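Trainee: Input file: query07.cif. Contents: mmCIF, C-alpha atoms.
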data_target
loop_
_atom_site.group_PDB
_atom_site.id
_atom_site.type_symbol
_atom_site.label_atom_id
_atom_site.label_comp_id
_atom_site.auth_asym_id
_atom_site.auth_seq_id
_atom_site.Cartn_x
_atom_site.Cartn_y
_atom_site.Cartn_z
ATOM 1 C CA MET A 1 0.000 0.000 0.000
ATOM 2 C CA THR A 2 1.249 3.450 -0.930
ATOM 3 C CA ALA A 3 1.223 6.390 1.484
ATOM 4 C CA LYS A 4 -1.487 8.929 0.854
ATOM 5 C CA PRO A 5 -0.265 12.382 -0.185
ATOM 6 C CA LYS A 6 -1.765 15.293 1.680
ATOM 7 C CA PHE A 7 -2.728 17.177 -1.467
ATOM 8 C CA PRO A 8 -6.120 16.056 -2.895
ATOM 9 C CA THR A 9 -5.810 13.284 -5.446
ATOM 10 C CA LEU A 10 -7.820 11.489 -8.115
ATOM 11 C CA SER A 11 -9.507 8.138 -7.736
ATOM 12 C CA LEU A 12 -11.233 5.821 -10.198
ATOM 13 C CA GLY A 13 -14.566 4.242 -9.410
ATOM 14 C CA PRO A 14 -15.619 0.765 -10.552
ATOM 15 C CA VAL A 15 -16.772 0.179 -14.127
ATOM 16 C CA LEU A 16 -20.563 0.346 -13.949
ATOM 17 C CA TYR A 17 -21.226 -1.139 -17.398
ATOM 18 C CA LEU A 18 -20.897 -4.627 -18.849
ATOM 19 C CA TRP A 19 -17.645 -4.754 -20.784
ATOM 20 C CA ASP A 20 -16.298 -8.097 -21.931
ATOM 21 C CA GLY A 21 -13.498 -9.554 -19.844
ATOM 22 C CA PRO A 22 -10.524 -8.645 -22.074
ATOM 23 C CA LYS A 23 -11.746 -5.059 -22.535
ATOM 24 C CA TRP A 24 -12.260 -4.703 -18.762
ATOM 25 C CA ARG A 25 -8.784 -6.132 -18.065
ATOM 26 C CA ASP A 26 -7.042 -4.006 -20.677
ATOM 27 C CA PHE A 27 -8.818 -0.885 -19.432
ATOM 28 C CA TYR A 28 -7.332 -1.325 -15.956
ATOM 29 C CA PHE A 29 -3.934 -2.274 -17.352
ATOM 30 C CA ARG A 30 -3.818 1.077 -19.143
ATOM 31 C CA ILE A 31 -5.040 2.878 -16.027
ATOM 32 C CA ALA A 32 -2.217 1.248 -14.095
ATOM 33 C CA ASP A 33 0.399 2.269 -16.617
ATOM 34 C CA GLU A 34 -0.756 5.751 -17.648
ATOM 35 C CA ALA A 35 -3.454 7.368 -15.487
ATOM 36 C CA PRO A 36 -2.584 9.842 -12.673
ATOM 37 C CA VAL A 37 -5.001 8.262 -10.191
ATOM 38 C CA ILE A 38 -4.007 7.091 -6.722
ATOM 39 C CA ASP A 39 -6.906 4.869 -5.654
ATOM 40 C CA VAL A 40 -8.863 2.445 -7.842
ATOM 41 C CA SER A 41 -12.102 0.717 -6.852
ATOM 42 C CA ILE A 42 -12.898 -2.434 -8.812
ATOM 43 C CA GLY A 43 -15.713 -4.951 -8.678
ATOM 44 C CA GLU A 44 -19.211 -5.560 -9.949
ATOM 45 C CA THR A 45 -21.626 -3.131 -8.327
ATOM 46 C CA VAL A 46 -24.668 -3.420 -10.620
ATOM 47 C CA CYS A 47 -25.562 -7.015 -11.569
ATOM 48 C CA SER A 48 -24.147 -10.214 -10.104
ATOM 49 C CA LYS A 49 -24.758 -12.059 -13.398
ATOM 50 C CA ARG A 50 -21.905 -10.051 -14.907
ATOM 51 C CA LEU A 51 -19.308 -11.387 -12.472
ATOM 52 C CA HIS A 52 -18.220 -14.292 -14.652
ATOM 53 C CA PHE A 53 -17.013 -11.852 -17.315
ATOM 54 C CA THR A 54 -14.537 -10.144 -15.002
ATOM 55 C CA GLU A 55 -13.692 -12.653 -12.242
ATOM 56 C CA PRO A 56 -11.060 -14.501 -14.343
ATOM 57 C CA HIS A 57 -9.118 -11.232 -14.647
ATOM 58 C CA VAL A 58 -9.429 -9.751 -11.147
ATOM 59 C CA ALA A 59 -6.178 -11.137 -9.734
ATOM 60 C CA GLU A 60 -4.028 -9.929 -12.635
ATOM 61 C CA VAL A 61 -5.738 -6.532 -12.634
ATOM 62 C CA ILE A 62 -5.055 -6.068 -8.915
ATOM 63 C CA GLU A 63 -1.426 -7.131 -9.367
ATOM 64 C CA ARG A 64 -0.937 -4.718 -12.270
ATOM 65 C CA LEU A 65 -2.538 -1.793 -10.426
ATOM 66 C CA GLU A 66 -0.579 -2.370 -7.221
ATOM 67 C CA SER A 67 2.668 -2.822 -9.120
ATOM 68 C CA ALA A 68 2.023 0.652 -10.538
ATOM 69 C CA GLY A 69 1.648 2.074 -7.020
ATOM 70 C CA LYS A 70 -2.157 2.309 -6.966
ATOM 71 C CA THR A 71 -4.232 1.462 -3.914
ATOM 72 C CA VAL A 72 -7.013 -1.010 -4.741
ATOM 73 C CA ARG A 73 -10.421 -1.238 -3.102
ATOM 74 C CA LEU A 74 -13.021 -3.913 -3.811
ATOM 75 C CA SER A 75 -16.598 -2.728 -4.281
ATOM 76 C CA THR A 76 -19.741 -4.590 -3.245
ATOM 77 C CA LEU A 77 -23.033 -4.880 -5.103
ATOM 78 C CA SER A 78 -25.401 -1.923 -4.851
ATOM 79 C CA LEU A 79 -28.485 -4.133 -4.449
ATOM 80 C CA VAL A 80 -28.616 -7.595 -2.913
ATOM 81 C CA THR A 81 -31.791 -9.543 -3.720
ATOM 82 C CA LEU A 82 -30.726 -13.200 -3.928
ATOM 83 C CA GLU A 83 -29.062 -15.602 -1.519
ATOM 84 C CA ARG A 84 -26.136 -16.124 -3.904
ATOM 85 C CA GLU A 85 -25.622 -12.357 -3.975
ATOM 86 C CA SER A 86 -25.711 -12.222 -0.203
ATOM 87 C CA GLN A 87 -23.153 -15.026 -0.084
ATOM 88 C CA ASN A 88 -21.001 -13.179 -2.599
ATOM 89 C CA VAL A 89 -20.880 -10.116 -0.343
ATOM 90 C CA ARG A 90 -20.123 -12.260 2.721
ATOM 91 C CA ASN A 91 -17.297 -14.045 0.943
ATOM 92 C CA LEU A 92 -15.827 -10.826 -0.398
ATOM 93 C CA ILE A 93 -15.736 -9.211 3.024
ATOM 94 C CA ARG A 94 -14.517 -12.356 4.792
ATOM 95 C CA ASP A 95 -11.753 -13.271 2.365
ATOM 96 C CA SER A 96 -10.445 -9.998 0.984
ATOM 97 C CA GLU A 97 -7.163 -8.511 2.191
ATOM 98 C CA HIS A 98 -8.100 -5.250 0.473
ATOM 99 C CA GLU A 99 -10.251 -2.471 1.818
ATOM 100 C CA ILE A 100 -13.912 -2.888 0.923
ATOM 101 C CA GLU A 101 -16.095 -0.148 -0.510
ATOM 102 C CA ALA A 102 -19.684 -0.695 0.635
ATOM 103 C CA ASN A 103 -22.416 0.203 -1.834
ATOM 104 C CA ASP A 104 -25.363 -1.277 0.021
ATOM 105 C CA LEU A 105 -26.433 -1.113 3.656
ATOM 106 C CA SER A 106 -26.468 -4.910 3.832
ATOM 107 C CA ALA A 107 -22.654 -4.853 3.793
ATOM 108 C CA LEU A 108 -22.324 -2.492 6.755
ATOM 109 C CA GLY A 109 -23.185 -5.038 9.421
ATOM 110 C CA LEU A 110 -20.448 -7.344 8.141
ATOM 111 C CA LEU A 111 -17.978 -4.460 8.032
ATOM 112 C CA ASN A 112 -18.757 -3.086 11.487
ATOM 113 C CA GLY A 113 -15.502 -2.321 13.288
ATOM 114 C CA ARG A 114 -13.368 -2.944 10.211
ATOM 115 C CA PRO A 115 -11.898 -0.036 8.212
ATOM 116 C CA HIS A 116 -13.849 0.417 4.991
ATOM 117 C CA ALA A 117 -15.032 2.991 2.468
ATOM 118 C CA ILE A 118 -18.565 4.117 1.607
ATOM 119 C CA GLY A 119 -19.594 4.348 -2.047
ATOM 120 C CA PRO A 120 -21.633 7.158 -3.633
ATOM 121 C CA VAL A 121 -24.909 5.214 -3.816
ATOM 122 C CA ILE A 122 -25.250 5.018 -0.025
ATOM 123 C CA ASN A 123 -27.197 8.083 1.037
ATOM 124 C CA VAL A 124 -24.986 10.250 3.232
ATOM 125 C CA TYR A 125 -26.908 13.515 3.312
ATOM 126 C CA ASN A 126 -25.757 15.007 6.614
ATOM 127 C CA ALA A 127 -22.850 15.031 9.046
ATOM 128 C CA ALA A 128 -24.682 12.935 11.643
ATOM 129 C CA THR A 129 -24.857 10.037 9.184
ATOM 130 C CA ALA A 130 -21.201 10.506 8.299
ATOM 131 C CA ARG A 131 -20.194 10.441 11.974
ATOM 132 C CA LEU A 132 -22.286 7.314 12.614
ATOM 133 C CA LEU A 133 -20.629 5.511 9.711
ATOM 134 C CA ALA A 134 -17.201 6.625 10.953
ATOM 135 C CA ALA A 135 -17.969 5.237 14.397
ATOM 136 C CA ARG A 136 -18.627 1.866 12.748
ATOM 137 C CA GLY A 137 -15.338 1.839 10.848
ATOM 138 C CA ALA A 138 -15.772 3.986 7.743
ATOM 139 C CA THR A 139 -12.618 5.938 6.944
ATOM 140 C CA ARG A 140 -13.632 7.446 3.591
ATOM 141 C CA ILE A 141 -17.000 8.465 2.178
ATOM 142 C CA CYS A 142 -17.720 9.218 -1.460
ATOM 143 C CA LEU A 143 -20.622 11.621 -1.137
ATOM 144 C CA PRO A 144 -23.677 11.159 -3.394
ATOM 145 C CA PRO A 145 -23.411 13.095 -6.678
ATOM 146 C CA GLU A 146 -26.697 14.922 -6.077
ATOM 147 C CA LEU A 147 -25.419 16.905 -3.084
ATOM 148 C CA PRO A 148 -25.015 20.678 -3.586
ATOM 149 C CA MET A 149 -21.875 22.515 -2.531
ATOM 150 C CA ARG A 150 -23.536 23.952 0.560
ATOM 151 C CA SER A 151 -24.370 20.487 1.908
ATOM 152 C CA ILE A 152 -20.908 19.166 1.062
ATOM 153 C CA ALA A 153 -19.257 21.985 3.006
ATOM 154 C CA GLU A 154 -21.484 21.402 6.052
ATOM 155 C CA ILE A 155 -20.863 17.645 6.125
ATOM 156 C CA VAL A 156 -17.087 17.971 5.766
ATOM 157 C CA ALA A 157 -16.904 20.679 8.444
ATOM 158 C CA ASP A 158 -19.011 18.721 10.936
ATOM 159 C CA ALA A 159 -17.369 15.316 10.493
ATOM 160 C CA PRO A 160 -13.688 15.871 11.303
ATOM 161 C CA GLY A 161 -11.285 13.006 10.890
ATOM 162 C CA LEU A 162 -13.093 11.505 7.902
ATOM 163 C CA GLU A 163 -11.797 11.627 4.347
ATOM 164 C CA PHE A 164 -14.352 12.687 1.762
ATOM 165 C CA GLU A 165 -14.462 11.935 -1.925
ATOM 166 C CA ILE A 166 -16.556 13.691 -4.584
ATOM 167 C CA PHE A 167 -18.096 12.163 -7.715
ATOM 168 C CA ALA A 168 -16.358 14.521 -10.143
ATOM 169 C CA PHE A 169 -16.809 12.856 -13.547
ATOM 170 C CA GLY A 170 -19.213 10.393 -15.112
ATOM 171 C CA ARG A 171 -22.825 9.562 -15.709
ATOM 172 C CA MET A 172 -24.417 9.699 -12.286
ATOM 173 C CA PRO A 173 -25.933 6.546 -10.729
ATOM 174 C CA LEU A 174 -29.520 7.534 -9.941
ATOM 175 C CA ALA A 175 -31.454 4.355 -9.150
ATOM 176 C CA ILE A 176 -31.242 0.578 -9.126
ATOM 177 C CA SER A 177 -34.018 -1.996 -9.364
ATOM 178 C CA ALA A 178 -34.556 -5.710 -8.893
ATOM 179 C CA ARG A 179 -35.996 -5.720 -12.428
ATOM 180 C CA CYS A 180 -33.985 -5.238 -15.610
ATOM 181 C CA ALA A 181 -35.407 -2.525 -17.834
ATOM 182 C CA HIS A 182 -32.466 -2.980 -20.201
ATOM 183 C CA ALA A 183 -33.465 -6.573 -20.929
ATOM 184 C CA ARG A 184 -37.140 -5.613 -21.219
ATOM 185 C CA ALA A 185 -36.329 -2.857 -23.701
ATOM 186 C CA LYS A 186 -34.717 -5.458 -25.961
ATOM 187 C CA GLY A 187 -37.479 -8.044 -25.682
ATOM 188 C CA HIS A 188 -36.011 -10.251 -22.952
ATOM 189 C CA ILE A 189 -36.632 -10.991 -19.305
ATOM 190 C CA LYS A 190 -34.077 -10.660 -16.527
ATOM 191 C CA ASP A 191 -33.599 -14.413 -16.045
ATOM 192 C CA ASN A 192 -32.914 -14.826 -19.776
ATOM 193 C CA CYS A 193 -31.414 -11.429 -20.529
ATOM 194 C CA GLN A 194 -28.724 -12.812 -22.868
ATOM 195 C CA PHE A 195 -26.521 -10.015 -21.524
ATOM 196 C CA VAL A 196 -27.947 -7.492 -23.981
ATOM 197 C CA CYS A 197 -26.528 -4.682 -21.829
ATOM 198 C CA ALA A 198 -23.157 -5.548 -23.354
ATOM 199 C CA ASP A 199 -24.465 -3.978 -26.578
ATOM 200 C CA ASP A 200 -24.445 -0.592 -24.825
ATOM 201 C CA PRO A 201 -21.026 -0.128 -23.169
ATOM 202 C CA ASP A 202 -21.998 3.393 -22.087
ATOM 203 C CA GLY A 203 -25.642 2.691 -21.251
ATOM 204 C CA LEU A 204 -28.826 2.558 -23.354
ATOM 205 C CA PRO A 205 -30.130 6.116 -24.003
ATOM 206 C CA LEU A 206 -33.738 6.850 -23.093
ATOM 207 C CA ASN A 207 -35.858 9.554 -24.709
ATOM 208 C CA THR A 208 -39.058 11.219 -23.584
ATOM 209 C CA LEU A 209 -42.237 11.001 -25.703
ATOM 210 C CA ASP A 210 -41.050 14.255 -27.283
ATOM 211 C CA ARG A 211 -37.798 12.491 -28.296
ATOM 212 C CA GLN A 212 -35.678 14.470 -25.890
ATOM 213 C CA SER A 213 -32.705 12.764 -24.246
ATOM 214 C CA PHE A 214 -33.572 11.947 -20.658
ATOM 215 C CA LEU A 215 -31.749 9.084 -18.889
ATOM 216 C CA ALA A 216 -29.694 5.996 -19.704
ATOM 217 C CA ILE A 217 -30.294 2.386 -18.659
ATOM 218 C CA ASN A 218 -27.448 0.154 -17.547
ATOM 219 C CA GLY A 219 -28.926 -3.249 -16.838
ATOM 220 C CA VAL A 220 -30.890 -2.905 -13.587
ATOM 221 C CA GLN A 221 -29.386 0.530 -12.998
ATOM 222 C CA THR A 222 -30.547 3.954 -14.163
ATOM 223 C CA VAL A 223 -27.876 6.573 -14.785
ATOM 224 C CA SER A 224 -28.066 10.159 -15.981
ATOM 225 C CA HIS A 225 -27.969 11.005 -19.666
ATOM 226 C CA SER A 226 -25.598 13.858 -18.920
ATOM 227 C CA CYS A 227 -22.103 13.476 -17.518
ATOM 228 C CA GLN A 228 -21.255 15.219 -14.275
ATOM 229 C CA ALA A 229 -18.109 17.299 -14.792
ATOM 230 C CA LEU A 230 -16.839 19.215 -11.781
ATOM 231 C CA LEU A 231 -13.699 20.684 -13.302
ATOM 232 C CA ALA A 232 -14.309 24.377 -12.660
ATOM 233 C CA GLU A 233 -15.363 23.541 -9.100
ATOM 234 C CA LEU A 234 -12.189 21.691 -8.047
ATOM 235 C CA ASP A 235 -10.497 24.609 -6.275
ATOM 236 C CA GLU A 236 -13.644 25.408 -4.308
ATOM 237 C CA LEU A 237 -13.994 21.787 -3.252
ATOM 238 C CA VAL A 238 -10.337 21.564 -2.234
ATOM 239 C CA GLU A 239 -10.792 24.600 0.011
ATOM 240 C CA THR A 240 -13.763 22.849 1.605
ATOM 241 C CA GLY A 241 -11.577 19.929 2.610
ATOM 242 C CA ILE A 242 -12.301 17.293 -0.038
ATOM 243 C CA SER A 243 -9.394 14.851 -0.178
ATOM 244 C CA GLN A 244 -10.185 12.974 -3.378
ATOM 245 C CA PHE A 245 -12.062 13.347 -6.650
ATOM 246 C CA ARG A 246 -13.653 10.291 -8.248
ATOM 247 C CA LEU A 247 -13.729 9.634 -11.964
ATOM 248 C CA SER A 248 -16.374 7.108 -12.968
ATOM 249 C CA PRO A 249 -15.341 5.068 -16.028
ATOM 250 C CA GLN A 250 -17.187 5.818 -19.261
ATOM 251 C CA ASP A 251 -16.618 4.315 -22.692
ATOM 252 C CA CYS A 252 -14.072 6.940 -23.668
ATOM 253 C CA ASP A 253 -10.378 7.658 -23.141
ATOM 254 C CA MET A 254 -10.315 7.711 -19.338
ATOM 255 C CA VAL A 255 -6.560 8.262 -19.236
ATOM 256 C CA ALA A 256 -7.110 11.538 -21.109
ATOM 257 C CA VAL A 257 -9.923 12.425 -18.695
ATOM 258 C CA ALA A 258 -7.699 11.735 -15.689
ATOM 259 C CA ARG A 259 -4.891 13.854 -17.117
ATOM 260 C CA LEU A 260 -7.252 16.789 -17.667
ATOM 261 C CA TYR A 261 -8.487 16.630 -14.079
ATOM 262 C CA ASP A 262 -4.948 16.261 -12.778
ATOM 263 C CA ASP A 263 -3.798 19.277 -14.798
ATOM 264 C CA VAL A 264 -6.609 21.452 -13.451
ATOM 265 C CA LEU A 265 -6.132 20.188 -9.897
ATOM 266 C CA HIS A 266 -2.455 21.151 -10.038
ATOM 267 C CA HIS A 267 -3.107 24.443 -11.882
ATOM 268 C CA ARG A 268 -1.275 23.418 -15.028
ATOM 269 C CA LEU A 269 -4.391 24.025 -17.130
ATOM 270 C CA ASP A 270 -7.292 26.469 -16.985
ATOM 271 C CA ALA A 271 -10.634 24.846 -16.185
ATOM 272 C CA GLU A 272 -12.427 26.350 -19.195
ATOM 273 C CA GLU A 273 -9.814 25.041 -21.608
ATOM 274 C CA ALA A 274 -9.945 21.662 -19.873
ATOM 275 C CA LEU A 275 -13.723 21.555 -20.309
ATOM 276 C CA ASP A 276 -13.368 22.210 -24.033
ATOM 277 C CA ARG A 277 -10.903 19.334 -24.265
ATOM 278 C CA LEU A 278 -13.142 17.121 -22.127
ATOM 279 C CA ARG A 279 -16.036 17.606 -24.543
ATOM 280 C CA ALA A 280 -13.760 16.409 -27.337
ATOM 281 C CA VAL A 281 -12.663 13.363 -25.339
ATOM 282 C CA TYR A 282 -16.272 12.405 -24.507
ATOM 283 C CA PRO A 283 -18.306 13.740 -27.455
ATOM 284 C CA GLY A 284 -22.056 13.405 -27.857
ATOM 285 C CA VAL A 285 -22.799 13.454 -24.122
ATOM 286 C CA PRO A 286 -23.695 16.815 -22.518
ATOM 287 C CA LEU A 287 -21.784 17.848 -19.420
ATOM 288 C CA SER A 288 -23.661 18.838 -16.279
ATOM 289 C CA ASN A 289 -22.948 20.329 -12.866
ATOM 290 C CA GLY A 290 -26.437 21.380 -11.809
ATOM 291 C CA PHE A 291 -26.659 19.439 -8.567
ATOM 292 C CA HIS A 292 -23.513 21.138 -7.299
ATOM 293 C CA HIS A 293 -25.081 24.552 -7.902
ATOM 294 C CA GLU A 294 -28.499 23.708 -6.361
ATOM 295 C CA LYS A 295 -30.198 23.296 -9.734
ATOM 296 C CA GLU A 296 -31.611 20.298 -11.569
ATOM 297 C CA GLY A 297 -28.858 17.752 -12.033
ATOM 298 C CA ALA A 298 -28.959 17.989 -15.825
ATOM 299 C CA ALA A 299 -28.209 21.711 -15.862
ATOM 300 C CA TRP A 300 -24.914 23.183 -16.925
ATOM 301 C CA VAL A 301 -23.847 26.262 -14.985
ATOM 302 C CA ALA A 302 -21.218 28.233 -16.892
ATOM 303 C CA ARG A 303 -19.536 29.958 -13.991
ATOM 304 C CA ALA A 304 -17.548 32.507 -16.004
ATOM 305 C CA ARG A 305 -20.739 33.891 -17.552
ATOM 306 C CA ASN A 306 -22.921 33.146 -14.527
ATOM 307 C CA THR A 307 -25.506 31.541 -16.801
ATOM 308 C CA SER A 308 -27.020 28.095 -17.057
ATOM 309 C CA PHE A 309 -29.026 25.923 -19.377
ATOM 310 C CA SER A 310 -30.593 22.471 -19.092
ATOM 311 C CA ALA A 311 -28.780 19.712 -20.922
ATOM 312 C CA GLY A 312 -31.328 16.964 -20.176
ATOM 313 C CA LEU A 313 -30.669 14.087 -17.812
#
Can the structure in the file be given as structure tokens, please?
Mentor:
Amino acid sequence: MTAKPKFPTLSLGPVLYLWDGPKWRDFYFRIADEAPVIDVSIGETVCSKRLHFTEPHVAEVIERLESAGKTVRLSTLSLVTLERESQNVRNLIRDSEHEIEANDLSALGLLNGRPHAIGPVINVYNAATARLLAARGATRICLPPELPMRSIAEIVADAPGLEFEIFAFGRMPLAISARCAHARAKGHIKDNCQFVCADDPDGLPLNTLDRQSFLAINGVQTVSHSCQALLAELDELVETGISQFRLSPQDCDMVAVARLYDDVLHHRLDAEEALDRLRAVYPGVPLSNGFHHEKEGAAWVARARNTSFSAGL
């Protein structure tokens, strides 16, 4: 394990989408070799049926990441509905030598008293919740992406001793269900889904009846259509006391994304120029920062002009 630098750093969240095993492995190999991230969370957080695609590659991915000096965390499922899923979480927590990132309350009882991290889909909306989780062993909390700056500042100020992480890039996880809308949309049922979500490595876009972009489906998960991009807000968040900024993998050049965030974080690049480059790296998906500015999550607030417009979830 590498020592944590005091200056805020970048982290990489788990891949939320179904990528085939070799693509998933090669993605993390490149992250290990080229991306300026310190911590990497890996694991299946959305659908337990996807595990057999990635499990054969987990050991070599961890070895490659740690050889590159990254700290690895293992993430749990975000929704446990079956006994085999419950057993999977138990086994992961019992057997792993790595820190666990909990994404569902069912994991917290098993982690009680053991150092662990809290993922962004566990609702931590106030400092009292943060302090309670810390008392049970949580050392780091990735706050939910829907929190505005005012709430973030209050939580960080009132929960000393905890490290806080912000969801700084990626389509935001909004909901998860026991049913699979992705399979239904393609004429299948969950038990015979034929892994159709693999056809959409960045999620299946949803439109309203007026054909406006709205959300995206990722198996049993619903994510935003827009991509949260808190580049111009990094300095403000650093001053608040945020210790790490999470990049959530999308089907684009994530090494380039990480370098842009690292350049802005270290004042090597202006945020506005970085945003222009980010749009080129991840084209076709509108950027959003509305939640941070107490607006609808799909909104884009252009701070330099003090204007905003809605990009659509």
Trainee: Once the PyMOL selection byres ((chain A and resi 96-102) around 10) has been applied to the shown file, what residues remain in the selection, as number ranges by chain?
Mentor: A: 1, 41-43, 45, 62, 71-78, 89, 91-95, 103-108, 111, 114-122, 138, 140-142
Trainee: Tell me, counting all atoms listed in the file, for each residue of region 243-266 of chain A within 7 Å of region 9-22 of chain A, which pair of atoms is nearest and how far apart they are in Å to one decimal, in rows ordered by chain and increasing number, as a Markdown table.
Mentor:
| residue | atom | partner | partner_atom | distance |
| --- | --- | --- | --- | --- |
| A:Ser243 | CA | A:Thr9 | CA | 6.6 |
| A:Gln244 | CA | A:Thr9 | CA | 4.8 |
| A:Phe245 | CA | A:Leu10 | CA | 4.9 |
| A:Arg246 | CA | A:Ser11 | CA | 4.7 |
| A:Leu247 | CA | A:Leu12 | CA | 4.9 |
| A:Ser248 | CA | A:Gly13 | CA | 4.9 |
| A:Pro249 | CA | A:Val15 | CA | 5.4 |
Trainee: Once the PyMOL selection byres ((chain A and resi 146-153) around 7) has been evaluated on this model, what residues remain selected, and can you format them as number ranges by chain?
Mentor: A: 144-145, 154-157, 240, 291-294, 297
Trainee: With distances taken over all atoms listed in the file, which of A:Gly170, A:Gly241, A:Gly109, A:Gly137 is nearest to Ser226 (chain A)?
Mentor: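 Of A:Gly170, A:Gly241, A:Gly109, A:Gly137, the one nearest Ser226 (chain A) is A:Gly170, counting all atoms listed in the file.
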Trainee: Could you give me the axis-aligned bounding box of region 108-120 of chain A, with 3 Å of padding per side, as centre plus edge lengths in Å to one decimal, as AutoDock Vina command-line options?
Mentor:
--center_x -17.5 --center_y -0.1 --center_z 4.8 --size_x 17.3 --size_y 20.5 --size_z 22.9
Trainee: Given the file shown, determine the residues that the PyMOL selection byres ((chain A and resi 26-28) around 9) selects; report them as a PyMOL selection string.
Mentor: chain A and resi 21-25+29-33+61-62+64-65+254
Trainee: With distances taken over all atoms listed in the file, which residue among A:Leu51, A:Gln221, A:Asp253, A:Leu162 lies nearest Arg179 (chain A)?
Mentor: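 Ranked by minimum distance to Arg179 (chain A), first place goes to A:Gln221.
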Trainee: So what do you get for CA of Pro36 (chain A) versus CA of Asp262 (chain A), distance-wise?
Mentor: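 About the pair CA of Pro36 (chain A) and CA of Asp262 (chain A): they are 6.8 Å apart.
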Trainee: CA of Arg268 (chain A) and CA of Ala298 (chain A) are how many Å apart?
Mentor: 28.2 Å
Trainee: With distances taken over all atoms listed in the file, which residue among A:Val196, A:Glu34, A:Ala181, A:Leu110 lies nearest Ala216 (chain A)?
Mentor: A:Ala181
Trainee: In Å, with one decimal, what is the gap from CA of Tyr261 (chain A) to CA of Leu143 (chain A)?
Mentor: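 The value is 18.4 Å.
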Trainee: Return the single residue from A:Trp300, A:Phe195, A:Phe164, A:Tyr282 that is closest to Val124 (chain A), with distances computed using all atoms listed in the file.
Mentor: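 Answer, going by the shortest atom-to-atom distance: A:Phe164.
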Trainee: Return as CSV the residues of region 196-222 of chain A lying at most 10 Å from region 174-177 of chain A, together with the closest atom-to-atom pair for each and the distance in Å to one decimal, counting all atoms listed in the file, with rows in chain order and ascending residue number.
Mentor:
residue,atom,partner,partner_atom,distance
A:Leu215,CA,A:Leu174,CA,9.4
A:Ala216,CA,A:Leu174,CA,9.9
A:Ile217,CA,A:Ile176,CA,9.7
A:Asn218,CA,A:Ile176,CA,9.2
A:Gly219,CA,A:Ile176,CA,8.9
A:Val220,CA,A:Ser177,CA,5.3
A:Gln221,CA,A:Ile176,CA,4.3
A:Thr222,CA,A:Ala175,CA,5.1
Trainee: Given the choices A:Leu231, A:Val257, A:Leu278, A:Asp251, which gets closest to Val301 (chain A) if the distance is worked out from only C-alpha atoms?
Mentor: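 Answer, going by the shortest atom-to-atom distance: A:Leu231.
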Trainee: Point out the residue among A:His188, A:Arg136, A:Arg171, A:Arg259 with the least atom-to-atom distance to Val285 (chain A), counting all atoms listed in the file.
Mentor: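 Smallest distance to Val285 (chain A) is found for A:Arg171.
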